[in-house]
Structures are given as structure tokens and as C-alpha cells.
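J.: Just one file: final-v7.pdb, with PDB, C-alpha atoms.
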ATOM      1  CA  HIS A  18      16.594 -14.641  -9.101
ATOM      2  CA  PHE A  19      14.825 -11.311  -8.647
ATOM      3  CA  TYR A  20      11.686 -12.538 -10.441
ATOM      4  CA  GLN A  21      11.793 -16.161  -9.260
ATOM      5  CA  TYR A  22       8.500 -15.878  -7.353
ATOM      6  CA  ASP A  23       6.584 -14.039 -10.086
ATOM      7  CA  VAL A  24       3.652 -15.972 -11.505
ATOM      8  CA  ASP A  25       2.710 -13.400 -14.170
ATOM      9  CA  GLN A  26       5.713 -12.569 -16.332
ATOM     10  CA  GLN A  27       3.480 -10.581 -18.741
ATOM     11  CA  ALA A  28       2.805  -7.936 -16.072
ATOM     12  CA  ILE A  29       6.464  -7.086 -15.449
ATOM     13  CA  PRO A  30       6.952  -4.801 -18.500
ATOM     14  CA  LEU A  31       4.019  -2.672 -17.241
ATOM     15  CA  GLY A  32       5.717  -2.371 -13.848
ATOM     16  CA  ASN A  33       3.170  -4.646 -12.178
ATOM     17  CA  ARG A  34       4.071  -7.801 -10.296
ATOM     18  CA  HIS A  35       2.295 -10.845  -8.939
ATOM     19  CA  ALA A  36       4.386 -13.101  -6.752
ATOM     20  CA  VAL A  37       3.556 -15.950  -4.408
ATOM     21  CA  ILE A  38       5.793 -16.459  -1.387
ATOM     22  CA  ASN A  39       4.991 -19.194   1.115
ATOM     23  CA  GLY A  40       1.446 -19.395  -0.248
ATOM     24  CA  ILE A  41       0.748 -15.660   0.197
ATOM     25  CA  HIS A  42      -0.011 -13.586  -2.898
ATOM     26  CA  PHE A  43       1.722 -10.235  -3.334
ATOM     27  CA  VAL A  44       0.440  -7.862  -6.002
ATOM     28  CA  ALA A  45       2.458  -4.761  -6.891
ATOM     29  CA  VAL A  46       0.517  -2.122  -8.831
ATOM     30  CA  GLU A  47       2.486   0.525 -10.703
ATOM     31  CA  SER A  48       1.146   4.078 -10.701
ATOM     32  CA  ASN A  49       1.664   6.265 -13.763
ATOM     33  CA  TYR A  50       3.474   9.122 -11.955
ATOM     34  CA  THR A  51       1.650  11.812 -13.878
ATOM     35  CA  PHE A  52       0.064  14.641 -11.935
ATOM     36  CA  PRO A  53      -2.103  13.916 -10.168
ATOM     37  CA  VAL A  54      -0.611  10.462  -9.717
ATOM     38  CA  GLY A  55      -3.013   7.768 -10.846
ATOM     39  CA  TYR A  56      -3.261   4.416 -12.584
ATOM     40  CA  ASP A  57      -3.577   3.565 -16.252
ATOM     41  CA  ALA A  58      -6.711   1.675 -17.294
ATOM     42  CA  ASP A  59      -4.617  -1.349 -18.334
ATOM     43  CA  THR A  60      -3.036  -1.524 -14.889
ATOM     44  CA  LEU A  61      -6.389  -1.269 -13.083
ATOM     45  CA  GLU A  62      -7.854  -3.976 -15.329
ATOM     46  CA  TRP A  63      -4.827  -6.196 -14.673
ATOM     47  CA  ALA A  64      -5.127  -5.631 -10.900
ATOM     48  CA  ASP A  65      -8.851  -6.423 -10.929
ATOM     49  CA  ASN A  66      -8.406  -9.604 -12.979
ATOM     50  CA  THR A  67      -5.456 -10.726 -10.861
ATOM     51  CA  LEU A  68      -7.265 -10.138  -7.560
ATOM     52  CA  ALA A  69     -10.394 -11.870  -8.875
ATOM     53  CA  ALA A  70      -8.393 -14.987  -9.763
ATOM     54  CA  ILE A  71      -6.485 -15.017  -6.463
ATOM     55  CA  THR A  72      -9.542 -14.549  -4.268
ATOM     56  CA  ALA A  73     -11.586 -17.126  -6.187
ATOM     57  CA  GLU A  74      -8.824 -19.649  -5.495
ATOM     58  CA  GLN A  75      -8.120 -18.558  -1.903
ATOM     59  CA  PRO A  76     -11.096 -16.588  -0.550
ATOM     60  CA  ASP A  77     -10.018 -16.772   3.099
ATOM     61  CA  LYS A  78      -6.381 -15.713   2.766
ATOM     62  CA  PRO A  79      -5.090 -12.142   2.790
ATOM     63  CA  VAL A  80      -3.718 -10.675  -0.428
ATOM     64  CA  ILE A  81      -0.988  -8.085  -0.007
ATOM     65  CA  VAL A  82      -1.199  -5.200  -2.487
ATOM     66  CA  VAL A  83       1.628  -2.660  -2.631
ATOM     67  CA  THR A  84       1.823   0.600  -4.529
ATOM     68  CA  HIS A  85       3.180   4.100  -4.103
ATOM     69  CA  PRO A  86       0.161   6.429  -3.644
ATOM     70  CA  ALA A  87      -2.612   5.713  -1.163
ATOM     71  CA  ALA A  88      -6.091   4.677  -2.217
ATOM     72  CA  TYR A  89      -8.400   7.669  -2.072
ATOM     73  CA  ASN A  90     -10.098   8.465   1.238
ATOM     74  CA  THR A  91      -8.555   5.632   3.249
ATOM     75  CA  ILE A  92      -5.495   6.482   5.369
ATOM     76  CA  PHE A  93      -4.802   9.961   6.723
ATOM     77  CA  ASN A  94      -4.218  12.597   4.022
ATOM     78  CA  SER A  95      -5.450  10.321   1.228
ATOM     79  CA  ASP A  96      -8.373  12.650   0.584
ATOM     80  CA  THR A  97      -5.933  15.100  -1.017
ATOM     81  CA  VAL A  98      -3.581  14.861  -3.981
ATOM     82  CA  HIS A  99      -1.886  12.011  -2.072
ATOM     83  CA  GLY A 100      -4.803   9.632  -2.692
ATOM     84  CA  ARG A 101      -6.059   8.084  -5.923
ATOM     85  CA  THR A 102      -9.551   6.821  -6.664
ATOM     86  CA  GLY A 103      -9.097   4.156  -9.346
ATOM     87  CA  LEU A 104      -7.371   1.584  -7.187
ATOM     88  CA  ALA A 105      -9.853   1.982  -4.316
ATOM     89  CA  ASP A 106     -12.682   1.181  -6.728
ATOM     90  CA  VAL A 107     -10.949  -2.098  -7.585
ATOM     91  CA  LEU A 108      -9.930  -3.024  -4.038
ATOM     92  CA  LYS A 109     -13.369  -2.522  -2.508
ATOM     93  CA  LYS A 110     -14.411  -5.742  -4.279
ATOM     94  CA  TYR A 111     -11.794  -7.693  -2.300
ATOM     95  CA  PRO A 112     -12.170  -7.401   1.494
ATOM     96  CA  GLN A 113      -9.161  -9.677   2.032
ATOM     97  CA  ALA A 114      -6.872  -7.150   0.317
ATOM     98  CA  ILE A 115      -4.337  -5.363   2.502
ATOM     99  CA  LEU A 116      -2.984  -2.296   0.730
ATOM    100  CA  ILE A 117       0.434  -1.011   1.806
ATOM    101  CA  THR A 118       1.359   2.434   0.487
ATOM    102  CA  GLY A 119       3.744   5.291   1.036
ATOM    103  CA  HIS A 120       3.836   8.661  -0.750
ATOM    104  CA  THR A 121       2.632  10.845   2.123
ATOM    105  CA  HIS A 122       5.781  10.554   4.311
ATOM    106  CA  ILE A 123       3.478  10.963   7.326
ATOM    107  CA  THR A 124       4.659   9.261  10.498
ATOM    108  CA  THR A 125       3.151   5.913  11.416
ATOM    109  CA  ASN A 126       2.428   7.228  14.946
ATOM    110  CA  ASP A 127      -0.962   8.536  13.876
ATOM    111  CA  GLU A 128      -3.648   5.847  14.177
ATOM    112  CA  ARG A 129      -5.384   7.237  11.102
ATOM    113  CA  ASN A 130      -2.659   5.611   9.012
ATOM    114  CA  ILE A 131      -4.394   2.263   9.394
ATOM    115  CA  TRP A 132      -7.832   2.153   7.784
ATOM    116  CA  GLN A 133     -10.295  -0.728   7.682
ATOM    117  CA  GLY A 134     -13.299  -0.356   5.446
ATOM    118  CA  GLU A 135     -14.161  -2.445   2.386
ATOM    119  CA  PHE A 136     -10.484  -3.517   2.506
ATOM    120  CA  THR A 137      -7.520  -2.623   4.731
ATOM    121  CA  ALA A 138      -5.086   0.198   3.917
ATOM    122  CA  VAL A 139      -1.851   0.956   5.755
ATOM    123  CA  ASN A 140       0.673   3.793   5.386
ATOM    124  CA  ASP A 141       4.212   2.448   5.627
ATOM    125  CA  GLY A 142       5.757   5.705   6.877
ATOM    126  CA  GLY A 143       8.871   7.017   5.229
ATOM    127  CA  VAL A 144      12.616   6.786   5.489
ATOM    128  CA  HIS A 145      13.328  10.408   4.608
ATOM    129  CA  TYR A 146      11.551  13.765   4.873
ATOM    130  CA  MET A 147       9.237  12.572   7.622
ATOM    131  CA  SER A 148       6.103  14.625   7.986
ATOM    132  CA  HIS A 149       3.342  14.860  10.538
ATOM    133  CA  PRO A 150      -0.126  16.363  10.536
ATOM    134  CA  SER A 151      -0.016  19.994  11.597
ATOM    135  CA  GLY A 152      -1.196  19.936  15.171
ATOM    136  CA  PHE A 153      -2.609  16.464  14.522
ATOM    137  CA  VAL A 154      -5.823  17.986  13.235
ATOM    138  CA  GLU A 155      -7.726  16.825  10.207
ATOM    139  CA  THR A 156      -6.895  19.710   7.929
ATOM    140  CA  GLY A 157      -5.084  17.630   5.332
ATOM    141  CA  ASN A 158      -2.080  19.883   5.846
ATOM    142  CA  SER A 159       1.210  18.500   7.021
ATOM    143  CA  SER A 160       4.673  19.816   7.613
ATOM    144  CA  PHE A 161       8.088  18.238   7.678
ATOM    145  CA  LEU A 162       9.567  17.493  11.068
ATOM    146  CA  PRO A 163      12.645  19.503  12.057
ATOM    147  CA  ASN A 164      15.693  17.617  10.755
ATOM    148  CA  SER A 165      13.272  15.340   8.912
ATOM    149  CA  GLY A 166      16.093  13.716   6.981
ATOM    150  CA  LYS A 167      17.318  12.103  10.201
ATOM    151  CA  TYR A 168      14.083  10.221  10.894
ATOM    152  CA  GLY A 169      12.724   7.087   9.352
ATOM    153  CA  GLN A 170       9.867   4.735  10.052
ATOM    154  CA  GLY A 171       8.499   1.586   8.534
ATOM    155  CA  LEU A 172       6.501  -1.561   9.138
ATOM    156  CA  LEU A 173       7.348  -5.122   9.984
ATOM    157  CA  PHE A 174       4.588  -7.079   8.333
ATOM    158  CA  GLU A 175       4.041 -10.720   9.272
ATOM    159  CA  ILE A 176       1.456 -13.336   8.356
ATOM    160  CA  ASP A 177       1.238 -16.415  10.558
ATOM    161  CA  VAL A 178       0.542 -19.964   9.360
ATOM    162  CA  LYS A 179      -3.206 -19.435   9.831
ATOM    163  CA  GLY A 180      -3.147 -16.368   7.547
ATOM    164  CA  ASN A 181      -3.476 -13.786  10.332
ATOM    165  CA  PRO A 182      -1.595 -10.575   9.542
ATOM    166  CA  ARG A 183       0.370  -8.686  12.181
ATOM    167  CA  ILE A 184       1.845  -5.229  11.696
ATOM    168  CA  THR A 185       4.529  -3.765  13.936
ATOM    169  CA  ARG A 186       5.411  -0.109  13.495
ATOM    170  CA  LEU A 187       9.153   0.576  13.636
ATOM    171  CA  ASP A 188      11.054   3.792  14.314
ATOM    172  CA  PHE A 189      14.456   3.540  12.661
ATOM    173  CA  ALA A 190      15.826   6.588  14.500
TER     174      ALA A 190
END
Could you quickly redo this structure as C-alpha cells?
T.:
Amino acid sequence: HFYQYDVDQQAIPLGNRHAVINGIHFVAVESNYTFPVGYDADTLEWADNTLAAITAEQPDKPVIVVTHPAAYNTIFNSDTVHGRTGLADVLKKYPQAILITGHTHITTNDERNIWQGEFTAVNDGGVHYMSHPSGFVETGNSSFLPNSGKYGQGLLFEIDVKGNPRITRLDFA
């Protein structure tokens, strides 16, 4: 039953997913985990084609895109090795895209972890090794919180019947 909502079975071997749940499209984009972390050309092409088809069919509904690293120069600390450019270039064509990422382990307390530009990007926090910006200044540097393994944060993400998204930040500690 794990793949029961997938509408593109061909994408699964690449690590990508496209599922529809209650009329909302979810697109999971697999990074290549090389250094620096990025996306293979086949994956970016698949994401672009998938988003084009979804948004042509449903131009006024949000599309949820999930991946590990942040899109370059969106949320806090995504202008460093934590952010990748290829996916941002695809997503900027789709203003209804809401990108949810992790990778940085930075706390969700910082308002810079929600970005709205050509699309929306959100950092989902982390459940281990929580980090915060050093002095909350824009240096790109961060440090782990004392006892960072004891902290965890995340998001409760809801979409109402009209297609309006709502994000609630949660502190699991």
C-alpha cells in the first residue's frame, strides 16, 4: 500500500515520486547526494515535466514539492553549500509550488525559514542535531544547540478544502 497514491510508477526507481492525495499533488524530488548535493539532469527534467502537467490541469491549486536540500538562495542558509540551484530554476516557473526541505537542521523559530518569491520555500526544522544561526546574524554560519540531540522541531502542514495552505511550527521538546 506504500505506493497506492503514486500516479507515476516510472519515477519510483529514480527515487522520485508523484502522488495525489485528496486532490492535492505531492512531488518528491530525489537529490543525488554527491558533494555538493545537487540534482541529476534526468530528475530535474522529470520534475519540470511533472509540474508543467500538474499546473496546466490545476493552475489554482498548490503543489507540494519535497526534497532534502533547500533550493538555492531561498530559506536561511540556502546561499551556502546547503542550497542547490537546479531545482530553484525549475520551481520559479511554478508560483503555486510550495517546497518543503530539511538539510540545514536550523530551528524553525527564525522567520527567514519561510521564503516567498517566485514560489514558496519552507524549512521543516530537524529532529536531531538542531542548529541555530550564530547570534541570529546573516553570516551563513550556524552552530549546534547545547544538547542538540534532545531537541526536535517540525511542521504541521494543512490544506483546507479551498486549497489554502496553513503551516504550524511544532517544537517536539
J.: Between A:Asp77, A:Asp141, A:Asp177, A:Asp59, which has the minimum distance to Ile117 in chain A (counting all atoms listed in the file)?
T.: A:Asp141
J.: I would like the residues chosen by the PyMOL selection byres ((chain A and resi 37) around 12) on the shown file; could you give them as number ranges by chain?
T.: A: 20-25, 34-36, 38-45, 71, 79-82
J.: On this structure, the PyMOL selection byres ((chain A and resi 139) around 6) would catch which residues? List them as a ChimeraX atom specification, sorted by chain and number.
T.: /A:117,130-131,138,140
J.: Suppose you want the space between CA of Gly143 in chain A and CA of Gln26 in chain A; what is it in Å?
T.: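 So the two atoms, CA of Gly143 in chain A and CA of Gln26 in chain A, lie 29.3 Å apart.
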J.: Using all atoms listed in the file, can you tell me which of A:Tyr50, A:Phe93, A:Trp63, A:Phe136 comes closest to Asn33 in chain A?
T.: A:Trp63
J.: Which polymer residues, protein or nucleic acid, are no farther than 12 Å from (-9.4, 0.2, -1.6), counting only C-alpha atoms, as a PyMOL selection string?
T.: chain A and resi 61+64-65+81-84+86-92+95+100-118+132-139
J.: CA of Gly171 in chain A to CA of Ala69 in chain A: how many Å, to one decimal?
T.: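 Between CA of Gly171 in chain A and CA of Ala69 in chain A the gap works out to 29.0 Å.
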J.: Give me the box for range 103-117 of chain A as JSON, namely the centre and edge lengths in Å to one decimal of a box along x, y and z that holds every listed atom plus 8 Å on each side.
T.:
{"center_x": -7.0, "center_y": -2.8, "center_z": -3.4, "size_x": 30.8, "size_y": 29.8, "size_z": 27.8}
J.: Take CA of Asn181 in chain A and CA of Glu128 in chain A and report the distance between them in Å, one decimal.
T.: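 Result for CA of Asn181 in chain A versus CA of Glu128 in chain A: 20.0 Å, one decimal.
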J.: Using only C-alpha atoms, which protein or nucleic acid residues come within 7 Å of Arg186 in chain A? Drop anything in the same chain fewer than 4 positions from it, and give the result as a PyMOL selection string.
T.: chain A and resi 125+171-173
J.: Point out the residue among A:Val46, A:Ile123, A:Tyr168, A:Arg183 with the least atom-to-atom distance to Leu68 in chain A, counting only C-alpha atoms.
T.: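 Under the stated criterion, the closest residue is A:Val46.
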J.: For Phe174 in chain A, please output as a PyMOL selection string all residues within 8 Å (counting all atoms listed in the file; exclusion window: fewer than 5 positions along the same chain).
T.: chain A and resi 182-185
J.: Would you translate the PyMOL selection byres ((chain A and resi 48) around 9) into the concrete set of residues it matches in this file, as a short mmCIF file (atom, residue, chain, number, x, y, z; two decimals) with C-alpha atoms, in the coordinates of the input?
T.:
data_model
loop_
_atom_site.label_atom_id
_atom_site.label_comp_id
_atom_site.auth_asym_id
_atom_site.auth_seq_id
_atom_site.Cartn_x
_atom_site.Cartn_y
_atom_site.Cartn_z
CA GLY A 32 5.72 -2.37 -13.85
CA VAL A 46 0.52 -2.12 -8.83
CA GLU A 47 2.49 0.52 -10.70
CA ASN A 49 1.66 6.26 -13.76
CA TYR A 50 3.47 9.12 -11.96
CA THR A 51 1.65 11.81 -13.88
CA VAL A 54 -0.61 10.46 -9.72
CA GLY A 55 -3.01 7.77 -10.85
CA TYR A 56 -3.26 4.42 -12.58
CA ASP A 57 -3.58 3.56 -16.25
CA THR A 60 -3.04 -1.52 -14.89
CA THR A 84 1.82 0.60 -4.53
CA HIS A 85 3.18 4.10 -4.10
CA PRO A 86 0.16 6.43 -3.64
#
